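Some notes on the structure that comes next.
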Amino acid sequence: MGPNRNATNGPKNKMEILFLGLKLVAAGLAAISMVGSGIGIGIVFAGFLTAYARNPKEETKLFSYTLLGFALTEAIALFGLMIVFLILFGF
């Protein structure tokens with residue numbers, strides 16, 4: 001153990017405490033991207049239901065476009081989650 005560390009290996013000075021707090025705030029702000037992704041997925045499926053109600057014959061084509069939209073929107077959420085993990089565990 002170093003001279004300025006306590007038994008729990010916690011932060012040794014005020015700058016480390018400030019840095020840890022800012023890391024947590026930044027990770028929380030980056031997690032907001034997942035909320036936007038959830039809204040986007042809802043919009044994609046709402047558009048699918050509207051289009052299907054107007055033209056039921058095109059169900060397979062519409063559903064394939066819906067899955068593509070879902071996958072691309074979900075990828076944005078995964079990128080946001082990756083940024084959160086980088087902030088928390090990378091620095």
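By order of appearance in the structure tokens: chains A, B, ..., then residues from 1 within every chain, and ligands from 1 in the order shown.
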
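Near Met82 of chain A, within 12 Å and counting only C-alpha atoms, sit A:Ala27, A:Ala30, A:Ala31, A:Ser33, A:Met34, A:Ala75, A:Ile76, A:Ala77, A:Leu78, A:Leu86, A:Ile87, A:Leu88, A:Phe89, A:Gly90, not including residues fewer than 4 positions from it in the same chain.
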
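The protein and nucleic acid residues lying at most 9 Å from Thr66 of chain A are Val44, Phe45, Gly47, Phe48, Lys61 and Ala71 of chain A, with only C-alpha atoms considered and sequence neighbours fewer than 5 positions away removed.
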
Task: Test item: residues at most 10 Å from Gly40 of chain A, only C-alpha atoms, excluding those fewer than 6 positions along its chain, as a ChimeraX atom specification - done: /A:34,46,69-70,72-74,76

Let me see the file: selected residues, N, CA and C atoms, as a PDB file, in the first residue's frame.
```
ATOM      1  N   MET A  34     -29.354   5.430 -25.153  1.00  0.00           N
ATOM      2  CA  MET A  34     -30.198   4.235 -25.177  1.00  0.00           C
ATOM      3  C   MET A  34     -31.680   4.596 -25.079  1.00  0.00           C
ATOM      4  N   ALA A  46     -44.192   1.422 -35.008  1.00  0.00           N
ATOM      5  CA  ALA A  46     -45.438   2.154 -35.246  1.00  0.00           C
ATOM      6  C   ALA A  46     -45.628   2.401 -36.740  1.00  0.00           C
ATOM      7  N   GLY A  69     -34.696  -1.679 -40.039  1.00  0.00           N
ATOM      8  CA  GLY A  69     -34.756  -0.454 -39.234  1.00  0.00           C
ATOM      9  C   GLY A  69     -34.511  -0.731 -37.764  1.00  0.00           C
ATOM     10  N   PHE A  70     -35.059  -1.837 -37.268  1.00  0.00           N
ATOM     11  CA  PHE A  70     -34.839  -2.211 -35.872  1.00  0.00           C
ATOM     12  C   PHE A  70     -33.362  -2.485 -35.612  1.00  0.00           C
ATOM     13  N   LEU A  72     -30.694  -1.422 -37.252  1.00  0.00           N
ATOM     14  CA  LEU A  72     -29.872  -0.214 -37.325  1.00  0.00           C
ATOM     15  C   LEU A  72     -30.089   0.677 -36.110  1.00  0.00           C
ATOM     16  N   THR A  73     -31.325   0.750 -35.646  1.00  0.00           N
ATOM     17  CA  THR A  73     -31.606   1.562 -34.462  1.00  0.00           C
ATOM     18  C   THR A  73     -30.995   0.937 -33.214  1.00  0.00           C
ATOM     19  N   GLU A  74     -31.056  -0.368 -33.123  1.00  0.00           N
ATOM     20  CA  GLU A  74     -30.474  -1.056 -31.970  1.00  0.00           C
ATOM     21  C   GLU A  74     -28.949  -0.940 -31.985  1.00  0.00           C
ATOM     22  N   ILE A  76     -27.283   1.654 -32.740  1.00  0.00           N
ATOM     23  CA  ILE A  76     -26.967   2.938 -32.109  1.00  0.00           C
ATOM     24  C   ILE A  76     -26.941   2.778 -30.587  1.00  0.00           C
TER      25      ILE A  76
END
```

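Distance-wise, atom CA of Ala26 of chain A and atom CA of Asn13 of chain A end up 20.3 Å apart.
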
Which of chain A fall in helix (DSSP H, G or I), as an mmCIF file with N, CA and C atoms, in the first residue's frame:
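Just written: result_15.cif:
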```cif
data_model
loop_
_atom_site.group_PDB
_atom_site.id
_atom_site.type_symbol
_atom_site.label_atom_id
_atom_site.label_comp_id
_atom_site.auth_asym_id
_atom_site.auth_seq_id
_atom_site.Cartn_x
_atom_site.Cartn_y
_atom_site.Cartn_z
ATOM 1 N N LYS A 14 -8.136 14.646 -3.672
ATOM 2 C CA LYS A 14 -9.394 15.253 -4.126
ATOM 3 C C LYS A 14 -9.541 15.203 -5.643
ATOM 4 N N MET A 15 -8.437 15.257 -6.365
ATOM 5 C CA MET A 15 -8.517 15.212 -7.829
ATOM 6 C C MET A 15 -9.013 13.851 -8.314
ATOM 7 N N GLU A 16 -8.589 12.777 -7.657
ATOM 8 C CA GLU A 16 -9.084 11.451 -8.042
ATOM 9 C C GLU A 16 -10.563 11.307 -7.736
ATOM 10 N N ILE A 17 -11.021 11.876 -6.630
ATOM 11 C CA ILE A 17 -12.439 11.838 -6.294
ATOM 12 C C ILE A 17 -13.239 12.624 -7.329
ATOM 13 N N LEU A 18 -12.732 13.802 -7.709
ATOM 14 C CA LEU A 18 -13.403 14.613 -8.729
ATOM 15 C C LEU A 18 -13.444 13.878 -10.063
ATOM 16 N N PHE A 19 -12.331 13.254 -10.440
ATOM 17 C CA PHE A 19 -12.279 12.518 -11.698
ATOM 18 C C PHE A 19 -13.261 11.357 -11.699
ATOM 19 N N LEU A 20 -13.358 10.639 -10.584
ATOM 20 C CA LEU A 20 -14.304 9.533 -10.475
ATOM 21 C C LEU A 20 -15.738 10.032 -10.602
ATOM 22 N N GLY A 21 -16.056 11.133 -9.961
ATOM 23 C CA GLY A 21 -17.403 11.703 -10.071
ATOM 24 C C GLY A 21 -17.721 12.137 -11.488
ATOM 25 N N LEU A 22 -16.776 12.770 -12.155
ATOM 26 C CA LEU A 22 -16.997 13.202 -13.536
ATOM 27 C C LEU A 22 -17.142 12.016 -14.480
ATOM 28 N N LYS A 23 -16.409 10.932 -14.201
ATOM 29 C CA LYS A 23 -16.566 9.713 -15.004
ATOM 30 C C LYS A 23 -17.978 9.168 -14.891
ATOM 31 N N LEU A 24 -18.525 9.162 -13.701
ATOM 32 C CA LEU A 24 -19.877 8.641 -13.500
ATOM 33 C C LEU A 24 -20.921 9.533 -14.166
ATOM 34 N N VAL A 25 -20.729 10.840 -14.099
ATOM 35 C CA VAL A 25 -21.654 11.761 -14.775
ATOM 36 C C VAL A 25 -21.576 11.570 -16.283
ATOM 37 N N ALA A 26 -20.369 11.445 -16.814
ATOM 38 C CA ALA A 26 -20.210 11.255 -18.258
ATOM 39 C C ALA A 26 -20.833 9.941 -18.716
ATOM 40 N N ALA A 27 -20.679 8.894 -17.926
ATOM 41 C CA ALA A 27 -21.283 7.610 -18.281
ATOM 42 C C ALA A 27 -22.807 7.708 -18.253
ATOM 43 N N GLY A 28 -23.349 8.424 -17.292
ATOM 44 C CA GLY A 28 -24.795 8.620 -17.243
ATOM 45 C C GLY A 28 -25.307 9.402 -18.431
ATOM 46 N N LEU A 29 -24.566 10.416 -18.836
ATOM 47 C CA LEU A 29 -24.982 11.194 -20.011
ATOM 48 C C LEU A 29 -24.884 10.364 -21.288
ATOM 49 N N ALA A 30 -23.877 9.518 -21.381
ATOM 50 C CA ALA A 30 -23.748 8.658 -22.559
ATOM 51 C C ALA A 30 -24.855 7.613 -22.598
ATOM 52 N N ILE A 32 -27.868 8.101 -22.028
ATOM 53 C CA ILE A 32 -29.090 8.702 -22.556
ATOM 54 C C ILE A 32 -29.332 8.269 -24.003
ATOM 55 N N SER A 33 -28.280 7.913 -24.713
ATOM 56 C CA SER A 33 -28.449 7.478 -26.103
ATOM 57 C C SER A 33 -29.335 6.243 -26.204
ATOM 58 N N MET A 34 -29.354 5.430 -25.153
ATOM 59 C CA MET A 34 -30.198 4.235 -25.177
ATOM 60 C C MET A 34 -31.680 4.596 -25.079
ATOM 61 N N VAL A 35 -31.992 5.712 -24.450
ATOM 62 C CA VAL A 35 -33.386 6.169 -24.404
ATOM 63 C C VAL A 35 -33.835 6.569 -25.805
ATOM 64 N N GLY A 36 -32.993 7.284 -26.509
ATOM 65 C CA GLY A 36 -33.320 7.673 -27.879
ATOM 66 C C GLY A 36 -33.485 6.475 -28.785
ATOM 67 N N SER A 37 -32.698 5.457 -28.563
ATOM 68 C CA SER A 37 -32.833 4.245 -29.357
ATOM 69 C C SER A 37 -34.160 3.549 -29.086
ATOM 70 N N GLY A 38 -34.574 3.526 -27.838
ATOM 71 C CA GLY A 38 -35.871 2.934 -27.510
ATOM 72 C C GLY A 38 -37.013 3.682 -28.158
ATOM 73 N N ILE A 39 -36.928 4.995 -28.192
ATOM 74 C CA ILE A 39 -37.947 5.794 -28.868
ATOM 75 C C ILE A 39 -37.927 5.508 -30.364
ATOM 76 N N GLY A 40 -36.721 5.397 -30.929
ATOM 77 C CA GLY A 40 -36.601 5.104 -32.355
ATOM 78 C C GLY A 40 -37.185 3.750 -32.720
ATOM 79 N N ILE A 41 -36.981 2.751 -31.884
ATOM 80 C CA ILE A 41 -37.548 1.425 -32.146
ATOM 81 C C ILE A 41 -39.065 1.482 -32.099
ATOM 82 N N GLY A 42 -39.599 2.245 -31.160
ATOM 83 C CA GLY A 42 -41.052 2.415 -31.107
ATOM 84 C C GLY A 42 -41.595 3.077 -32.356
ATOM 85 N N ILE A 43 -40.881 4.051 -32.868
ATOM 86 C CA ILE A 43 -41.314 4.735 -34.098
ATOM 87 C C ILE A 43 -41.247 3.787 -35.287
ATOM 88 N N VAL A 44 -40.208 2.951 -35.351
ATOM 89 C CA VAL A 44 -40.077 1.996 -36.457
ATOM 90 C C VAL A 44 -41.262 1.035 -36.479
ATOM 91 N N PHE A 45 -41.599 0.474 -35.325
ATOM 92 C CA PHE A 45 -42.697 -0.491 -35.291
ATOM 93 C C PHE A 45 -44.058 0.184 -35.447
ATOM 94 N N ALA A 46 -44.192 1.422 -35.008
ATOM 95 C CA ALA A 46 -45.438 2.154 -35.246
ATOM 96 C C ALA A 46 -45.628 2.401 -36.740
ATOM 97 N N GLY A 47 -44.526 2.722 -37.429
ATOM 98 C CA GLY A 47 -44.597 2.897 -38.879
ATOM 99 C C GLY A 47 -44.951 1.594 -39.584
ATOM 100 N N PHE A 48 -44.414 0.493 -39.069
ATOM 101 C CA PHE A 48 -44.753 -0.809 -39.649
ATOM 102 C C PHE A 48 -46.243 -1.096 -39.502
ATOM 103 N N LEU A 49 -46.788 -0.874 -38.327
ATOM 104 C CA LEU A 49 -48.208 -1.156 -38.108
ATOM 105 C C LEU A 49 -49.092 -0.263 -38.968
ATOM 106 N N THR A 50 -48.707 0.982 -39.122
ATOM 107 C CA THR A 50 -49.467 1.886 -39.981
ATOM 108 C C THR A 50 -49.420 1.433 -41.442
ATOM 109 N N ALA A 51 -48.231 1.085 -41.909
ATOM 110 C CA ALA A 51 -48.090 0.639 -43.291
ATOM 111 C C ALA A 51 -48.805 -0.688 -43.525
ATOM 112 N N TYR A 52 -48.767 -1.577 -42.556
ATOM 113 C CA TYR A 52 -49.439 -2.866 -42.692
ATOM 114 C C TYR A 52 -50.954 -2.687 -42.700
ATOM 115 N N ALA A 53 -51.444 -1.756 -41.909
ATOM 116 C CA ALA A 53 -52.887 -1.499 -41.891
ATOM 117 C C ALA A 53 -53.352 -0.930 -43.232
ATOM 118 N N ARG A 54 -52.512 -0.178 -43.899
ATOM 119 C CA ARG A 54 -52.891 0.405 -45.191
ATOM 120 C C ARG A 54 -52.755 -0.589 -46.337
ATOM 121 N N PRO A 56 -52.053 -4.623 -46.421
ATOM 122 C CA PRO A 56 -51.700 -5.913 -45.819
ATOM 123 C C PRO A 56 -51.023 -6.892 -46.775
ATOM 124 N N LYS A 57 -51.153 -6.694 -48.080
ATOM 125 C CA LYS A 57 -50.549 -7.625 -49.033
ATOM 126 C C LYS A 57 -49.023 -7.564 -49.015
ATOM 127 N N GLU A 58 -48.493 -6.459 -48.587
ATOM 128 C CA GLU A 58 -47.037 -6.258 -48.602
ATOM 129 C C GLU A 58 -46.395 -6.578 -47.252
ATOM 130 N N GLU A 59 -46.988 -7.501 -46.509
ATOM 131 C CA GLU A 59 -46.516 -7.764 -45.142
ATOM 132 C C GLU A 59 -45.056 -8.217 -45.102
ATOM 133 N N THR A 60 -44.660 -9.155 -45.947
ATOM 134 C CA THR A 60 -43.292 -9.684 -45.871
ATOM 135 C C THR A 60 -42.255 -8.613 -46.217
ATOM 136 N N LYS A 61 -42.540 -7.817 -47.230
ATOM 137 C CA LYS A 61 -41.622 -6.747 -47.608
ATOM 138 C C LYS A 61 -41.533 -5.697 -46.498
ATOM 139 N N LEU A 62 -42.685 -5.323 -45.960
ATOM 140 C CA LEU A 62 -42.697 -4.339 -44.884
ATOM 141 C C LEU A 62 -41.972 -4.860 -43.643
ATOM 142 N N PHE A 63 -42.190 -6.136 -43.340
ATOM 143 C CA PHE A 63 -41.560 -6.692 -42.149
ATOM 144 C C PHE A 63 -40.045 -6.769 -42.302
ATOM 145 N N SER A 64 -39.569 -7.063 -43.498
ATOM 146 C CA SER A 64 -38.117 -7.093 -43.701
ATOM 147 C C SER A 64 -37.518 -5.696 -43.537
ATOM 148 N N TYR A 65 -38.218 -4.671 -44.029
ATOM 149 C CA TYR A 65 -37.751 -3.296 -43.827
ATOM 150 C C TYR A 65 -37.799 -2.920 -42.353
ATOM 151 N N THR A 66 -38.803 -3.419 -41.670
ATOM 152 C CA THR A 66 -38.928 -3.127 -40.237
ATOM 153 C C THR A 66 -37.777 -3.747 -39.462
ATOM 154 N N LEU A 67 -37.431 -4.975 -39.776
ATOM 155 C CA LEU A 67 -36.313 -5.612 -39.083
ATOM 156 C C LEU A 67 -34.994 -4.910 -39.367
ATOM 157 N N LEU A 68 -34.825 -4.429 -40.590
ATOM 158 C CA LEU A 68 -33.626 -3.674 -40.921
ATOM 159 C C LEU A 68 -33.572 -2.379 -40.104
ATOM 160 N N GLY A 69 -34.696 -1.679 -40.039
ATOM 161 C CA GLY A 69 -34.756 -0.454 -39.234
ATOM 162 C C GLY A 69 -34.511 -0.731 -37.764
ATOM 163 N N PHE A 70 -35.059 -1.837 -37.268
ATOM 164 C CA PHE A 70 -34.839 -2.211 -35.872
ATOM 165 C C PHE A 70 -33.362 -2.485 -35.612
ATOM 166 N N ALA A 71 -32.730 -3.226 -36.507
ATOM 167 C CA ALA A 71 -31.319 -3.582 -36.318
ATOM 168 C C ALA A 71 -30.428 -2.340 -36.338
ATOM 169 N N LEU A 72 -30.694 -1.422 -37.252
ATOM 170 C CA LEU A 72 -29.872 -0.214 -37.325
ATOM 171 C C LEU A 72 -30.089 0.677 -36.110
ATOM 172 N N THR A 73 -31.325 0.750 -35.646
ATOM 173 C CA THR A 73 -31.606 1.562 -34.462
ATOM 174 C C THR A 73 -30.995 0.937 -33.214
ATOM 175 N N GLU A 74 -31.056 -0.368 -33.123
ATOM 176 C CA GLU A 74 -30.474 -1.056 -31.970
ATOM 177 C C GLU A 74 -28.949 -0.940 -31.985
ATOM 178 N N ALA A 75 -28.359 -0.856 -33.158
ATOM 179 C CA ALA A 75 -26.908 -0.690 -33.238
ATOM 180 C C ALA A 75 -26.476 0.626 -32.597
ATOM 181 N N ILE A 76 -27.283 1.654 -32.740
ATOM 182 C CA ILE A 76 -26.967 2.938 -32.109
ATOM 183 C C ILE A 76 -26.941 2.778 -30.587
ATOM 184 N N ALA A 77 -27.888 2.017 -30.048
ATOM 185 C CA ALA A 77 -27.911 1.777 -28.597
ATOM 186 C C ALA A 77 -26.666 1.004 -28.164
ATOM 187 N N LEU A 78 -26.247 0.050 -28.964
ATOM 188 C CA LEU A 78 -25.051 -0.715 -28.606
ATOM 189 C C LEU A 78 -23.790 0.145 -28.670
ATOM 190 N N PHE A 79 -23.746 1.079 -29.622
ATOM 191 C CA PHE A 79 -22.618 2.006 -29.657
ATOM 192 C C PHE A 79 -22.611 2.880 -28.412
ATOM 193 N N GLY A 80 -23.775 3.338 -27.992
ATOM 194 C CA GLY A 80 -23.861 4.127 -26.767
ATOM 195 C C GLY A 80 -23.426 3.335 -25.550
ATOM 196 N N LEU A 81 -23.830 2.075 -25.484
ATOM 197 C CA LEU A 81 -23.427 1.221 -24.372
ATOM 198 C C LEU A 81 -21.919 0.978 -24.383
ATOM 199 N N MET A 82 -21.354 0.856 -25.566
ATOM 200 C CA MET A 82 -19.912 0.678 -25.684
ATOM 201 C C MET A 82 -19.179 1.921 -25.158
ATOM 202 N N ILE A 83 -19.696 3.097 -25.466
ATOM 203 C CA ILE A 83 -19.086 4.336 -24.973
ATOM 204 C C ILE A 83 -19.169 4.401 -23.457
ATOM 205 N N VAL A 84 -20.312 3.984 -22.893
ATOM 206 C CA VAL A 84 -20.457 3.969 -21.435
ATOM 207 C C VAL A 84 -19.394 3.072 -20.810
ATOM 208 N N PHE A 85 -19.224 1.870 -21.360
ATOM 209 C CA PHE A 85 -18.218 0.964 -20.803
ATOM 210 C C PHE A 85 -16.801 1.492 -20.982
ATOM 211 N N LEU A 86 -16.547 2.156 -22.105
ATOM 212 C CA LEU A 86 -15.220 2.757 -22.292
ATOM 213 C C LEU A 86 -14.953 3.845 -21.265
ATOM 214 N N ILE A 87 -15.966 4.660 -20.992
ATOM 215 C CA ILE A 87 -15.794 5.716 -19.998
ATOM 216 C C ILE A 87 -15.554 5.125 -18.616
ATOM 217 N N LEU A 88 -16.348 4.124 -18.255
ATOM 218 C CA LEU A 88 -16.262 3.570 -16.907
ATOM 219 C C LEU A 88 -15.000 2.737 -16.676
ATOM 220 N N PHE A 89 -14.640 1.908 -17.641
ATOM 221 C CA PHE A 89 -13.558 0.957 -17.415
ATOM 222 C C PHE A 89 -12.292 1.239 -18.215
ATOM 223 N N GLY A 90 -12.349 2.156 -19.162
ATOM 224 C CA GLY A 90 -11.191 2.410 -20.006
ATOM 225 C C GLY A 90 -10.271 3.501 -19.483
#
```
